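Visitor: What follows is work_13.tsv, made up of TSV, N, CA, C and O atoms:
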chain	number	residue	atom	x	y	z
K	1	GLN	N	89.89	109.68	111.28
K	1	GLN	CA	89.66	110.25	109.96
K	1	GLN	C	89.16	109.15	109.04
K	1	GLN	O	89.68	108.06	108.99
K	2	GLY	N	88.10	109.45	108.28
K	2	GLY	CA	87.51	108.47	107.39
K	2	GLY	C	88.36	108.22	106.15
K	2	GLY	O	89.05	109.10	105.66
K	3	LYS	N	88.31	106.99	105.68
K	3	LYS	CA	89.01	106.58	104.47
K	3	LYS	C	88.03	105.80	103.61
K	3	LYS	O	86.99	105.35	104.09
K	4	SER	N	88.38	105.60	102.35
K	4	SER	CA	87.58	104.74	101.49
K	4	SER	C	88.50	103.96	100.57
K	4	SER	O	89.62	104.39	100.27
K	5	LEU	N	88.02	102.82	100.15
K	5	LEU	CA	88.76	101.97	99.23
K	5	LEU	C	87.78	101.35	98.25
K	5	LEU	O	86.73	100.84	98.66
K	6	VAL	N	88.11	101.41	96.96
K	6	VAL	CA	87.29	100.80	95.93
K	6	VAL	C	87.98	99.53	95.47
K	6	VAL	O	89.18	99.55	95.15
K	7	ILE	N	87.23	98.42	95.44
K	7	ILE	CA	87.79	97.15	94.99
K	7	ILE	C	86.80	96.49	94.03
K	7	ILE	O	85.62	96.82	94.01
K	8	THR	N	87.31	95.56	93.22
K	8	THR	CA	86.48	94.86	92.25
K	8	THR	C	86.48	93.35	92.46
K	8	THR	O	85.88	92.62	91.69
K	9	ALA	N	87.18	92.89	93.50
K	9	ALA	CA	87.23	91.47	93.83
K	9	ALA	C	87.41	91.34	95.34
K	9	ALA	O	87.83	92.30	96.00
K	10	SER	N	87.10	90.19	95.88
K	10	SER	CA	87.25	89.97	97.32
K	10	SER	C	88.67	90.30	97.77
K	10	SER	O	89.64	90.03	97.06
K	11	GLY	N	88.76	90.92	98.96
K	11	GLY	CA	90.08	91.25	99.47
K	11	GLY	C	90.02	92.06	100.75
K	11	GLY	O	88.96	92.44	101.23
K	12	THR	N	91.21	92.33	101.29
K	12	THR	CA	91.35	93.08	102.54
K	12	THR	C	91.13	94.57	102.31
K	12	THR	O	91.71	95.15	101.40
K	13	ILE	N	90.31	95.16	103.16
K	13	ILE	CA	90.06	96.60	103.14
K	13	ILE	C	91.01	97.29	104.10
K	13	ILE	O	91.60	98.31	103.79
K	14	SER	N	91.14	96.75	105.29
K	14	SER	CA	92.07	97.26	106.31
K	14	SER	C	92.70	96.07	107.01
K	14	SER	O	91.99	95.15	107.42
K	15	ALA	N	94.01	96.10	107.17
K	15	ALA	CA	94.72	94.98	107.80
K	15	ALA	C	94.82	95.14	109.32
K	15	ALA	O	95.50	94.35	109.97
K	16	LYS	N	94.15	96.16	109.87
K	16	LYS	CA	94.16	96.35	111.32
K	16	LYS	C	92.76	96.67	111.79
K	16	LYS	O	91.85	96.85	110.98
K	17	ALA	N	92.58	96.75	113.10
K	17	ALA	CA	91.27	97.07	113.67
K	17	ALA	C	90.75	98.36	113.06
K	17	ALA	O	91.50	99.33	112.88
K	18	ALA	N	89.46	98.38	112.73
K	18	ALA	CA	88.87	99.55	112.10
K	18	ALA	C	87.36	99.51	112.26
K	18	ALA	O	86.78	98.48	112.61
K	19	ARG	N	86.71	100.65	112.00
K	19	ARG	CA	85.26	100.77	112.09
K	19	ARG	C	84.70	100.98	110.68
K	19	ARG	O	85.11	101.89	109.97
K	20	ILE	N	83.74	100.14	110.28
K	20	ILE	CA	83.08	100.27	108.98
K	20	ILE	C	82.06	101.40	109.07
K	20	ILE	O	81.18	101.38	109.95
K	21	LEU	N	82.15	102.37	108.18
K	21	LEU	CA	81.22	103.51	108.17
K	21	LEU	C	80.13	103.36	107.12
K	21	LEU	O	79.03	103.88	107.28
K	22	GLY	N	80.42	102.65	106.03
K	22	GLY	CA	79.44	102.47	104.98
K	22	GLY	C	79.99	101.60	103.87
K	22	GLY	O	81.19	101.34	103.81
K	23	VAL	N	79.10	101.15	103.01
K	23	VAL	CA	79.50	100.33	101.87
K	23	VAL	C	78.58	100.64	100.69
K	23	VAL	O	77.39	100.83	100.85
K	24	ALA	N	79.18	100.73	99.52
K	24	ALA	CA	78.43	100.93	98.28
K	24	ALA	C	78.81	99.82	97.32
K	24	ALA	O	79.95	99.36	97.30
K	25	ILE	N	77.84	99.38	96.52
K	25	ILE	CA	78.10	98.34	95.54
K	25	ILE	C	77.38	98.67	94.24
K	25	ILE	O	76.23	99.10	94.25
K	26	LYS	N	78.08	98.47	93.13
K	26	LYS	CA	77.51	98.63	91.79
K	26	LYS	C	77.74	97.32	91.06
K	26	LYS	O	78.89	96.86	90.93
K	27	ALA	N	76.65	96.72	90.59
K	27	ALA	CA	76.77	95.46	89.85
K	27	ALA	C	77.26	95.73	88.44
K	27	ALA	O	77.07	96.82	87.89
K	28	GLY	N	77.91	94.75	87.87
K	28	GLY	CA	78.40	94.86	86.51
K	28	GLY	C	77.55	94.06	85.55
K	28	GLY	O	76.36	94.30	85.40
K	29	ALA	N	78.17	93.05	84.93
K	29	ALA	CA	77.52	92.26	83.89
K	29	ALA	C	76.44	91.32	84.41
K	29	ALA	O	75.63	90.80	83.65
K	30	ASP	N	76.43	91.08	85.73
K	30	ASP	CA	75.39	90.26	86.34
K	30	ASP	C	75.17	90.74	87.77
K	30	ASP	O	75.78	91.70	88.20
K	31	ALA	N	74.28	90.09	88.50
K	31	ALA	CA	74.01	90.47	89.88
K	31	ALA	C	75.28	90.34	90.71
K	31	ALA	O	76.18	89.56	90.38
K	32	ALA	N	75.36	91.13	91.78
K	32	ALA	CA	76.54	91.13	92.62
K	32	ALA	C	76.13	91.20	94.09
K	32	ALA	O	75.04	91.65	94.42
K	33	THR	N	77.03	90.74	94.97
K	33	THR	CA	76.82	90.86	96.41
K	33	THR	C	78.13	91.25	97.08
K	33	THR	O	79.22	91.02	96.53
K	34	VAL	N	78.00	91.83	98.27
K	34	VAL	CA	79.16	92.09	99.12
K	34	VAL	C	78.75	91.85	100.56
K	34	VAL	O	77.62	92.13	100.96
K	35	LYS	N	79.66	91.28	101.33
K	35	LYS	CA	79.50	91.18	102.78
K	35	LYS	C	80.85	91.50	103.39
K	35	LYS	O	81.90	91.21	102.80
K	36	LEU	N	80.84	92.14	104.54
K	36	LEU	CA	82.07	92.57	105.19
K	36	LEU	C	82.34	91.71	106.41
K	36	LEU	O	81.44	91.43	107.21
K	37	MET	N	83.59	91.30	106.54
K	37	MET	CA	84.00	90.36	107.56
K	37	MET	C	85.06	90.99	108.47
K	37	MET	O	85.83	91.85	108.03
K	38	ASP	N	85.13	90.52	109.71
K	38	ASP	CA	86.20	90.88	110.64
K	38	ASP	C	87.11	89.66	110.77
K	38	ASP	O	86.66	88.59	111.17
K	39	GLY	N	88.37	89.81	110.38
K	39	GLY	CA	89.31	88.71	110.55
K	39	GLY	C	89.59	87.91	109.29
K	39	GLY	O	89.99	86.76	109.37
K	40	GLY	N	89.36	88.47	108.13
K	40	GLY	CA	89.69	87.79	106.89
K	40	GLY	C	88.52	87.02	106.32
K	40	GLY	O	87.40	87.05	106.84
K	41	ALA	N	88.80	86.27	105.25
K	41	ALA	CA	87.75	85.55	104.52
K	41	ALA	C	87.00	84.56	105.40
K	41	ALA	O	85.81	84.33	105.20
K	42	GLY	N	87.66	83.98	106.36
K	42	GLY	CA	87.02	83.00	107.25
K	42	GLY	C	86.59	83.60	108.57
K	42	GLY	O	86.24	82.87	109.50
K	43	GLY	N	86.58	84.92	108.66
K	43	GLY	CA	86.28	85.60	109.91
K	43	GLY	C	84.79	85.71	110.20
K	43	GLY	O	83.96	85.02	109.60
K	44	THR	N	84.46	86.62	111.10
K	44	THR	CA	83.09	86.85	111.54
K	44	THR	C	82.40	87.83	110.60
K	44	THR	O	82.90	88.93	110.37
K	45	GLN	N	81.24	87.45	110.07
K	45	GLN	CA	80.49	88.34	109.19
K	45	GLN	C	79.92	89.49	110.03
K	45	GLN	O	79.24	89.27	111.01
K	46	LYS	N	80.20	90.73	109.62
K	46	LYS	CA	79.79	91.91	110.37
K	46	LYS	C	78.62	92.66	109.74
K	46	LYS	O	78.01	93.50	110.39
K	47	THR	N	78.32	92.41	108.47
K	47	THR	CA	77.19	93.05	107.81
K	47	THR	C	76.33	92.00	107.13
K	47	THR	O	76.80	90.90	106.84
K	48	ALA	N	75.09	92.36	106.86
K	48	ALA	CA	74.26	91.49	106.04
K	48	ALA	C	74.86	91.44	104.63
K	48	ALA	O	75.64	92.32	104.25
K	49	THR	N	74.54	90.42	103.88
K	49	THR	CA	74.98	90.35	102.50
K	49	THR	C	74.13	91.32	101.69
K	49	THR	O	72.91	91.23	101.69
K	50	LEU	N	74.78	92.29	101.04
K	50	LEU	CA	74.10	93.33	100.28
K	50	LEU	C	74.06	92.93	98.82
K	50	LEU	O	75.09	92.87	98.15
K	51	PRO	N	72.86	92.63	98.27
K	51	PRO	CA	72.75	92.24	96.86
K	51	PRO	C	72.29	93.40	95.97
K	51	PRO	O	71.54	94.28	96.42
K	52	VAL	N	72.71	93.40	94.72
K	52	VAL	CA	72.19	94.33	93.71
K	52	VAL	C	72.05	93.59	92.39
K	52	VAL	O	72.80	92.66	92.09
K	53	GLY	N	71.06	94.01	91.59
K	53	GLY	CA	70.82	93.41	90.29
K	53	GLY	C	71.72	94.02	89.22
K	53	GLY	O	72.41	95.01	89.46
K	54	ILE	N	71.68	93.45	88.04
K	54	ILE	CA	72.52	93.90	86.91
K	54	ILE	C	72.40	95.40	86.72
K	54	ILE	O	71.30	95.94	86.59
K	55	GLY	N	73.55	96.08	86.71
K	55	GLY	CA	73.61	97.51	86.45
K	55	GLY	C	73.09	98.40	87.56
K	55	GLY	O	73.08	99.62	87.42
K	56	ASN	N	72.65	97.83	88.68
K	56	ASN	CA	72.11	98.62	89.78
K	56	ASN	C	73.18	98.99	90.80
K	56	ASN	O	74.27	98.44	90.81
K	57	PHE	N	72.80	99.92	91.70
K	57	PHE	CA	73.71	100.46	92.70
K	57	PHE	C	72.97	100.52	94.04
K	57	PHE	O	71.78	100.80	94.07
K	58	ASP	N	73.69	100.28	95.13
K	58	ASP	CA	73.10	100.45	96.46
K	58	ASP	C	74.18	100.93	97.41
K	58	ASP	O	75.37	100.70	97.19
K	59	TYR	N	73.74	101.62	98.47
K	59	TYR	CA	74.65	102.18	99.46
K	59	TYR	C	74.01	102.06	100.83
K	59	TYR	O	72.82	102.33	100.98
K	60	ILE	N	74.80	101.66	101.81
K	60	ILE	CA	74.33	101.61	103.19
K	60	ILE	C	75.34	102.37	104.05
K	60	ILE	O	76.55	102.13	103.95
K	61	GLU	N	74.82	103.27	104.88
K	61	GLU	CA	75.66	103.99	105.84
K	61	GLU	C	75.35	103.46	107.23
K	61	GLU	O	74.18	103.28	107.58
K	62	PHE	N	76.39	103.20	108.00
K	62	PHE	CA	76.23	102.72	109.36
K	62	PHE	C	76.49	103.90	110.29
K	62	PHE	O	77.64	104.29	110.51
K	63	THR	N	75.42	104.50	110.81
K	63	THR	CA	75.49	105.75	111.55
K	63	THR	C	76.53	105.72	112.67
K	63	THR	O	77.32	106.66	112.82
K	64	ASN	N	76.56	104.66	113.44
K	64	ASN	CA	77.51	104.55	114.54
K	64	ASN	C	78.74	103.73	114.18
K	64	ASN	O	79.61	103.51	115.00
K	65	GLY	N	78.79	103.25	112.96
K	65	GLY	CA	79.90	102.41	112.53
K	65	GLY	C	79.77	101.00	113.09
K	65	GLY	O	79.02	100.74	114.02
K	66	ILE	N	80.50	100.08	112.48
K	66	ILE	CA	80.56	98.70	112.93
K	66	ILE	C	82.03	98.39	113.19
K	66	ILE	O	82.86	98.42	112.28
K	67	GLN	N	82.35	98.08	114.45
K	67	GLN	CA	83.74	97.84	114.84
K	67	GLN	C	84.20	96.45	114.39
K	67	GLN	O	83.51	95.46	114.60
K	68	CYS	N	85.38	96.41	113.80
K	68	CYS	CA	86.05	95.15	113.47
K	68	CYS	C	87.32	95.11	114.31
K	68	CYS	O	88.17	96.02	114.22
K	69	ALA	N	87.48	94.09	115.12
K	69	ALA	CA	88.56	94.02	116.10
K	69	ALA	C	89.93	93.74	115.48
K	69	ALA	O	90.95	94.15	116.03
K	70	THR	N	89.95	93.04	114.34
K	70	THR	CA	91.26	92.65	113.78
K	70	THR	C	91.52	93.19	112.38
K	70	THR	O	92.64	93.57	112.07
K	71	SER	N	90.49	93.22	111.51
K	71	SER	CA	90.67	93.68	110.13
K	71	SER	C	89.31	93.77	109.46
K	71	SER	O	88.31	93.32	110.01
K	72	ILE	N	89.28	94.37	108.27
K	72	ILE	CA	88.06	94.38	107.45
K	72	ILE	C	88.37	93.66	106.14
K	72	ILE	O	89.35	94.00	105.46
K	73	TYR	N	87.54	92.69	105.80
K	73	TYR	CA	87.69	91.93	104.57
K	73	TYR	C	86.35	91.95	103.84
K	73	TYR	O	85.30	91.78	104.46
K	74	ALA	N	86.37	92.18	102.54
K	74	ALA	CA	85.15	92.19	101.73
K	74	ALA	C	85.09	90.93	100.88
K	74	ALA	O	86.03	90.62	100.15
K	75	THR	N	83.97	90.21	100.98
K	75	THR	CA	83.71	89.06	100.12
K	75	THR	C	82.72	89.53	99.05
K	75	THR	O	81.60	89.94	99.38
K	76	ILE	N	83.14	89.47	97.78
K	76	ILE	CA	82.36	90.01	96.67
K	76	ILE	C	82.06	88.90	95.67
K	76	ILE	O	82.93	88.08	95.38
K	77	THR	N	80.82	88.90	95.14
K	77	THR	CA	80.48	88.00	94.05
K	77	THR	C	80.01	88.83	92.86
K	77	THR	O	79.67	90.00	93.01
K	78	GLY	N	79.98	88.21	91.70
K	78	GLY	CA	79.50	88.88	90.50
K	78	GLY	C	80.62	89.11	89.49
K	78	GLY	O	81.80	88.91	89.79
K	79	THR	N	80.23	89.51	88.30
K	79	THR	CA	81.18	89.79	87.22
K	79	THR	C	81.32	91.29	87.07
K	79	THR	O	80.34	91.99	86.84
K	80	THR	N	82.52	91.78	87.24
K	80	THR	CA	82.91	93.20	87.15
K	80	THR	C	82.12	94.14	88.07
K	80	THR	O	81.74	95.23	87.67
K	81	PRO	N	81.89	93.75	89.34
K	81	PRO	CA	81.25	94.70	90.26
K	81	PRO	C	82.27	95.72	90.76
K	81	PRO	O	83.49	95.50	90.65
K	82	GLU	N	81.79	96.81	91.32
K	82	GLU	CA	82.64	97.78	92.01
K	82	GLU	C	82.08	97.96	93.41
K	82	GLU	O	80.88	98.16	93.57
K	83	VAL	N	82.95	97.89	94.40
K	83	VAL	CA	82.54	98.05	95.80
K	83	VAL	C	83.42	99.12	96.42
K	83	VAL	O	84.64	99.11	96.25
K	84	MET	N	82.78	100.05	97.14
K	84	MET	CA	83.53	101.05	97.90
K	84	MET	C	83.16	100.89	99.36
K	84	MET	O	81.98	100.87	99.71
K	85	VAL	N	84.19	100.75	100.20
K	85	VAL	CA	83.99	100.63	101.64
K	85	VAL	C	84.57	101.88	102.29
K	85	VAL	O	85.73	102.25	102.03
K	86	MET	N	83.76	102.53	103.12
K	86	MET	CA	84.20	103.67	103.90
K	86	MET	C	84.48	103.18	105.32
K	86	MET	O	83.67	102.42	105.89
K	87	PHE	N	85.61	103.59	105.89
K	87	PHE	CA	86.01	103.10	107.20
K	87	PHE	C	86.93	104.10	107.88
K	87	PHE	O	87.42	105.04	107.27
K	88	GLU	N	87.14	103.89	109.18
K	88	GLU	CA	88.13	104.67	109.92
K	88	GLU	C	88.90	103.73	110.82
K	88	GLU	O	88.34	102.77	111.34
K	89	ASP	N	90.19	103.99	110.96
K	89	ASP	CA	91.00	103.14	111.85
K	89	ASP	C	91.66	103.98	112.92
K	89	ASP	O	91.37	105.14	113.07
Could you show the structure in this file as structure tokens?
Guide:
Amino acid sequence: QGKSLVITASGTISAKAARILGVAIKAGADAATVKLMDGGAGGTQKTATLPVGIGNFDYIEFTNGIQCATSIYATITGTTPEVMVMFED
């Protein structure tokens, strides 16, 4: 069953193995980026770094999902961005 989580700073999305289904990012006061990792902040990068300009929005859906063996962690940059990660565990 799919789940989603909205975060505004880097952090754990799922603390166990899970499949990334999609990611959305909305920039705030400046440009923002998000990249999704397997295994925490120092883990393996599983997605390209997704950038957006001030006030812009972008969304990527991964048709077959991207498997993370241990956890999903989002590394976010920017001032007041919003990131939503869709996943299933």
Visitor: Would you compute the distance between atom O of Ile54 of chain K and atom O of Gly22 of chain K? Give it in Å to one decimal.
Guide: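 We find that atom O of Ile54 of chain K and atom O of Gly22 of chain K lie 20.6 Å from each other.
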Visitor: For Asn64 of chain K, which residue among K:Ile76, K:Leu21, K:Leu36, K:Ile13 is the nearest when counting only N, CA, C and O atoms?
Guide: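 Smallest distance to Asn64 of chain K is found for K:Leu21.
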Visitor: When distances are computed from only C-alpha atoms, which of K:Ala29, K:Asp38, K:Gly43, K:Phe62 shows the smallest separation from Ser14 of chain K?
Guide: K:Asp38
Visitor: Nearest to Ala69 of chain K: which of K:Ala18, K:Ile7, K:Val34, K:Met84 is it, counting only N, CA, C and O atoms?
Guide: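 Answer, going by the shortest atom-to-atom distance: K:Ala18.
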Visitor: I want to know what sits within 5 Å of Ser71 of chain K, based on only N, CA, C and O atoms, with residues of the same chain fewer than 5 positions away left out; could you give that as a list in words?
Guide: Ser14, Ala15, Lys16, Ala17, Met37, Asp38 and Gly39 of chain K
Visitor: Would you mind exporting N, CA, C and O atoms of the selected residues as a short mmCIF file (atom, residue, chain, number, x, y, z; two decimals), in the coordinates of the input?
Guide:
data_model
loop_
_atom_site.label_atom_id
_atom_site.label_comp_id
_atom_site.auth_asym_id
_atom_site.auth_seq_id
_atom_site.Cartn_x
_atom_site.Cartn_y
_atom_site.Cartn_z
N SER K 14 91.14 96.75 105.29
CA SER K 14 92.07 97.26 106.31
C SER K 14 92.70 96.07 107.01
O SER K 14 91.99 95.15 107.42
N ALA K 15 94.01 96.10 107.17
CA ALA K 15 94.72 94.98 107.80
C ALA K 15 94.82 95.14 109.32
O ALA K 15 95.50 94.35 109.97
N LYS K 16 94.15 96.16 109.87
CA LYS K 16 94.16 96.35 111.32
C LYS K 16 92.76 96.67 111.79
O LYS K 16 91.85 96.85 110.98
N ALA K 17 92.58 96.75 113.10
CA ALA K 17 91.27 97.07 113.67
C ALA K 17 90.75 98.36 113.06
O ALA K 17 91.50 99.33 112.88
N MET K 37 83.59 91.30 106.54
CA MET K 37 84.00 90.36 107.56
C MET K 37 85.06 90.99 108.47
O MET K 37 85.83 91.85 108.03
N ASP K 38 85.13 90.52 109.71
CA ASP K 38 86.20 90.88 110.64
C ASP K 38 87.11 89.66 110.77
O ASP K 38 86.66 88.59 111.17
N GLY K 39 88.37 89.81 110.38
CA GLY K 39 89.31 88.71 110.55
C GLY K 39 89.59 87.91 109.29
O GLY K 39 89.99 86.76 109.37
#
Visitor: What's the separation between atom N of Glu61 of chain K and atom N of Gly78 of chain K, in Å to one decimal place?
Guide: 20.7 Å
Visitor: Which residue gives the smallest distance to Val52 of chain K among K:Gly2, K:Gly11, K:Gly40, K:Gly28, with only N, CA, C and O atoms counted?
Guide: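 Of K:Gly2, K:Gly11, K:Gly40, K:Gly28, the one nearest Val52 of chain K is K:Gly28, counting only N, CA, C and O atoms.
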Visitor: Provide the atom CA of Lys3 of chain K to atom CA of Gly65 of chain K distance in Å, to one decimal place.
Guide: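 According to the coordinates, atom CA of Lys3 of chain K and atom CA of Gly65 of chain K are separated by 12.9 Å.
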Visitor: Within 10 Å of Gln1 of chain K, counting only C-alpha atoms, which residues qualify if same-chain residues fewer than 6 places away don't, as a PyMOL selection string?
Guide: chain K and resi 87-89
Visitor: For those residues, write N, CA, C and O atoms to a file as a PDB file, in the frame of the given file.
Guide:
ATOM      1  N   PHE K  87      85.610 103.590 105.890  1.00  0.00           N
ATOM      2  CA  PHE K  87      86.010 103.100 107.200  1.00  0.00           C
ATOM      3  C   PHE K  87      86.930 104.100 107.880  1.00  0.00           C
ATOM      4  O   PHE K  87      87.420 105.040 107.270  1.00  0.00           O
ATOM      5  N   GLU K  88      87.140 103.890 109.180  1.00  0.00           N
ATOM      6  CA  GLU K  88      88.130 104.670 109.920  1.00  0.00           C
ATOM      7  C   GLU K  88      88.900 103.730 110.820  1.00  0.00           C
ATOM      8  O   GLU K  88      88.340 102.770 111.340  1.00  0.00           O
ATOM      9  N   ASP K  89      90.190 103.990 110.960  1.00  0.00           N
ATOM     10  CA  ASP K  89      91.000 103.140 111.850  1.00  0.00           C
ATOM     11  C   ASP K  89      91.660 103.980 112.920  1.00  0.00           C
ATOM     12  O   ASP K  89      91.370 105.140 113.070  1.00  0.00           O
TER      13      ASP K  89
END
Visitor: Rank K:Ser10, K:Thr79, K:Ser4, K:Thr70 by their smallest atom-to-atom distance to Val23 of chain K, using only C-alpha atoms, and report the top residue only.
Guide: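 Ranked by minimum distance to Val23 of chain K, first place goes to K:Ser4.
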Visitor: Please write as a ChimeraX atom specification the list of polymer residues whose atoms come within 6 Å of (76.4, 91.0, 93.3), counting only N, CA, C and O atoms and keeping to the coordinates of the file.
Guide: /K:27,30-34,50-52,77-78
Visitor: Could you tell me which of K:Ile25, K:Val85, K:Ala48, K:Ile60 comes closest to Thr12 of chain K if we count only C-alpha atoms?
Guide: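 Looking at the shortest contact to Thr12 of chain K, the residue is K:Val85.
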Visitor: With 4 Å added on each side, what axis-aligned box encloses every listed atom of segment 1-17 of chain K? Give the centre and edge lengths in Å to one decimal, as JSON.
Guide:
{"center_x": 90.6, "center_y": 100.1, "center_z": 102.7, "size_x": 17.9, "size_y": 28.3, "size_z": 30.0}
Visitor: Would you list, as a VMD selection string, the residues of chain K that end up in strand (DSSP E or B) under DSSP run on this structure's backbone?
Guide: chain K and resid 2 to 7 11 to 14 18 to 26 32 to 38 44 to 45 50 to 52 57 to 68 72 to 77 82 to 88
Visitor: Complete the atom set of segment 41-49 of chain K to all heavy atoms and return it as an mmCIF file, in the coordinates of the input.
Guide:
data_model
loop_
_atom_site.group_PDB
_atom_site.id
_atom_site.type_symbol
_atom_site.label_atom_id
_atom_site.label_comp_id
_atom_site.auth_asym_id
_atom_site.auth_seq_id
_atom_site.Cartn_x
_atom_site.Cartn_y
_atom_site.Cartn_z
ATOM 1 N N ALA K 41 88.800 86.270 105.250
ATOM 2 C CA ALA K 41 87.750 85.550 104.520
ATOM 3 C C ALA K 41 87.000 84.560 105.400
ATOM 4 O O ALA K 41 85.810 84.330 105.200
ATOM 5 C CB ALA K 41 88.362 84.837 103.319
ATOM 6 N N GLY K 42 87.660 83.980 106.360
ATOM 7 C CA GLY K 42 87.020 83.000 107.250
ATOM 8 C C GLY K 42 86.590 83.600 108.570
ATOM 9 O O GLY K 42 86.240 82.870 109.500
ATOM 10 N N GLY K 43 86.580 84.920 108.660
ATOM 11 C CA GLY K 43 86.280 85.600 109.910
ATOM 12 C C GLY K 43 84.790 85.710 110.200
ATOM 13 O O GLY K 43 83.960 85.020 109.600
ATOM 14 N N THR K 44 84.460 86.620 111.100
ATOM 15 C CA THR K 44 83.090 86.850 111.540
ATOM 16 C C THR K 44 82.400 87.830 110.600
ATOM 17 O O THR K 44 82.900 88.930 110.370
ATOM 18 C CB THR K 44 83.089 87.430 112.968
ATOM 19 O OG1 THR K 44 83.782 86.533 113.833
ATOM 20 C CG2 THR K 44 81.680 87.649 113.471
ATOM 21 N N GLN K 45 81.240 87.450 110.070
ATOM 22 C CA GLN K 45 80.490 88.340 109.190
ATOM 23 C C GLN K 45 79.920 89.490 110.030
ATOM 24 O O GLN K 45 79.240 89.270 111.010
ATOM 25 C CB GLN K 45 79.378 87.582 108.480
ATOM 26 C CG GLN K 45 78.671 88.428 107.437
ATOM 27 C CD GLN K 45 77.744 87.615 106.541
ATOM 28 O OE1 GLN K 45 77.894 86.401 106.412
ATOM 29 N NE2 GLN K 45 76.787 88.285 105.927
ATOM 30 N N LYS K 46 80.200 90.730 109.620
ATOM 31 C CA LYS K 46 79.790 91.910 110.370
ATOM 32 C C LYS K 46 78.620 92.660 109.740
ATOM 33 O O LYS K 46 78.010 93.500 110.390
ATOM 34 C CB LYS K 46 80.972 92.873 110.546
ATOM 35 C CG LYS K 46 82.155 92.279 111.280
ATOM 36 C CD LYS K 46 81.796 91.844 112.682
ATOM 37 C CE LYS K 46 81.934 92.987 113.654
ATOM 38 N NZ LYS K 46 81.821 92.578 115.057
ATOM 39 N N THR K 47 78.320 92.410 108.470
ATOM 40 C CA THR K 47 77.190 93.050 107.810
ATOM 41 C C THR K 47 76.330 92.000 107.130
ATOM 42 O O THR K 47 76.800 90.900 106.840
ATOM 43 C CB THR K 47 77.648 94.052 106.723
ATOM 44 O OG1 THR K 47 78.333 93.332 105.692
ATOM 45 C CG2 THR K 47 78.560 95.128 107.293
ATOM 46 N N ALA K 48 75.090 92.360 106.860
ATOM 47 C CA ALA K 48 74.260 91.490 106.040
ATOM 48 C C ALA K 48 74.860 91.440 104.630
ATOM 49 O O ALA K 48 75.640 92.320 104.250
ATOM 50 C CB ALA K 48 72.834 92.051 105.967
ATOM 51 N N THR K 49 74.540 90.420 103.880
ATOM 52 C CA THR K 49 74.980 90.350 102.500
ATOM 53 C C THR K 49 74.130 91.320 101.690
ATOM 54 O O THR K 49 72.910 91.230 101.690
ATOM 55 C CB THR K 49 74.828 88.916 101.958
ATOM 56 O OG1 THR K 49 75.619 88.037 102.769
ATOM 57 C CG2 THR K 49 75.285 88.831 100.507
#
